[in-house]
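Working notes, beginning with the structure itself.
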Amino acid sequence: MMNYRRAKRIIGLLISILLLILIIPICLIACFFIVIESSGNPIYMQERVGLNGQKFIMYKLRSMYLDAEKNGYQWAEKNDPRITKIGRFIRRTRIDEFPQIINIIKGEMSIIGPRPERPEFVNEFLKYIPDFNERLAVRPGITGWAQVNGGYELSPKEKLGYDVYYIRHESIKLDFLILLKTIKVIFNGHGFR
């Protein structure tokens, strides 16, 4: 398993460097439209919990209004009113996730793995899901088994079930299946978080 994870890291790094060249123009266009609709920084930076509980700053294109969390943090919903019009588009097409290529290059994330959660959510989930930290055994990913099997519709406990399944069955075959399902999710607009 360790050799597979090492190879996965190297392959993910190489793919990310190549993708970076392709996604920069898309991100610049998206940033332009984000700022037109809702002024402020188009890049959203948020603390997340990664491999072995290490905290890191995850990058996304901002899909919500600037004051979206003025009343405190909350779990994103399927038809969240805090999301801008351009935000709905970049979320549905997953363009908002493109800046996480930087997190992959930095070694904080992988292309495939459990989605990283905010520390506040991890602490909250641990109160009623004691084994929630099991999902921290691998690098978090841009896409994962839970995201292609329900995403927004899954409860934290259900997501954990998919994440643990992925960790226990991690393989090239499963990663390839997740990539294929991710492409399908992008076109039908379901899943992810």
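Chain identifiers are assigned as A, B, and so on, following the order in which chains appear in the structure tokens; residues are numbered from 1 within each chain, and ligands are numbered from 1 in order of appearance.
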
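Secondary structure from DSSP on the backbone puts alpha helix (DSSP H) at the following positions of segment 60-125 of chain A: Lys85, Ile86, Gly87, Arg88, Phe89, Ile90, Arg91, Arg92, Gln100, Ile101, Ile102, Asn103, Ile104, Ile105, Pro119, Glu120, Phe121, Val122, Asn123, Glu124 and Phe125 of chain A.
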
List the spatial neighbours of segment 103-111 of chain A as a ChimeraX atom specification - criterion: any atom at most 12 Å away, only C-alpha atoms, same-chain residues fewer than 3 positions off excluded.
/A:5-20,45-60,97-100,114-116,136,138-145,175-176,178-179,182

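We find atom CA of Lys181 of chain A and atom CA of Gln147 of chain A to be spaced 9.3 Å apart.
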
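Closest approach to Asn79 of chain A among A:Phe187, A:Tyr152, A:Phe132, A:Glu124: A:Tyr152, based on only C-alpha atoms.
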
Given only C-alpha atoms as the counted atoms, nearest of A:Arg88, A:Lys127, A:Arg82, A:Arg168 to Ala30 of chain A
A:Arg88

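The shortest atom-to-atom distance to Ile101 of chain A, with only C-alpha atoms taken into account, belongs to A:Leu61 out of A:Ile34, A:Leu61, A:Ile183, A:Arg118.
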
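In this comparison, which uses only C-alpha atoms, the residue of A:Ser63, A:Tyr44, A:Ala146, A:Asn123 approaching Arg94 of chain A most closely is A:Ser63.
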
As a compact mmCIF listing (two decimals) with N, CA and C atoms, in the first residue's frame, please: every residue in segment 22-135 of chain A that a backbone DSSP assignment puts in strand (DSSP E or B).
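Just written: selection.txt:
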# COMPACT_ATOMS: atom_id res chain seq x y z
N ILE A 43 -10.46 34.35 -4.99
CA ILE A 43 -9.90 33.11 -4.45
C ILE A 43 -10.31 32.98 -2.99
N TYR A 44 -10.86 31.84 -2.66
CA TYR A 44 -11.34 31.58 -1.30
C TYR A 44 -10.33 30.65 -0.63
N MET A 45 -9.85 31.06 0.53
CA MET A 45 -8.88 30.25 1.26
C MET A 45 -9.50 29.85 2.59
N GLN A 46 -9.41 28.57 2.90
CA GLN A 46 -10.06 28.08 4.11
C GLN A 46 -9.22 26.97 4.74
N GLU A 47 -9.15 27.00 6.06
CA GLU A 47 -8.40 25.96 6.77
C GLU A 47 -9.16 24.64 6.68
N ARG A 48 -8.44 23.58 6.38
CA ARG A 48 -9.00 22.23 6.31
C ARG A 48 -8.08 21.27 7.06
N VAL A 49 -8.61 20.08 7.33
CA VAL A 49 -7.84 19.05 8.03
C VAL A 49 -7.45 17.98 7.02
N LYS A 55 -3.38 20.47 9.61
CA LYS A 55 -4.21 21.54 9.05
C LYS A 55 -3.46 22.22 7.92
N PHE A 56 -4.20 22.64 6.91
CA PHE A 56 -3.61 23.36 5.78
C PHE A 56 -4.66 24.31 5.21
N ILE A 57 -4.22 25.23 4.37
CA ILE A 57 -5.12 26.18 3.72
C ILE A 57 -5.46 25.63 2.34
N MET A 58 -6.76 25.40 2.13
CA MET A 58 -7.23 24.89 0.84
C MET A 58 -7.72 26.07 0.01
N TYR A 59 -7.41 26.03 -1.29
CA TYR A 59 -7.78 27.10 -2.22
C TYR A 59 -8.96 26.68 -3.08
N LYS A 60 -9.87 27.63 -3.29
CA LYS A 60 -11.01 27.42 -4.19
C LYS A 60 -11.32 28.74 -4.87
N LEU A 61 -12.03 28.68 -5.98
CA LEU A 61 -12.58 29.90 -6.54
C LEU A 61 -13.83 30.20 -5.72
N MET A 64 -19.45 31.85 -3.24
CA MET A 64 -20.46 32.46 -2.38
C MET A 64 -20.22 33.97 -2.26
N ILE A 83 -24.87 31.06 -2.45
CA ILE A 83 -24.09 30.88 -3.67
C ILE A 83 -24.52 31.88 -4.74
N SER A 110 -4.38 15.22 -2.74
CA SER A 110 -4.20 14.28 -3.84
C SER A 110 -5.33 14.52 -4.82
N ILE A 111 -5.25 13.97 -6.01
CA ILE A 111 -6.36 14.10 -6.95
C ILE A 111 -7.56 13.33 -6.40
N ILE A 112 -7.30 12.13 -5.86
CA ILE A 112 -8.37 11.29 -5.34
C ILE A 112 -8.12 10.97 -3.87
N GLU A 117 -12.22 18.26 5.39
CA GLU A 117 -13.25 19.01 6.10
C GLU A 117 -12.63 20.16 6.89

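The interatomic distance for the pair atom CA of Arg135 of chain A and atom CA of Asn188 of chain A works out to 26.7 Å.
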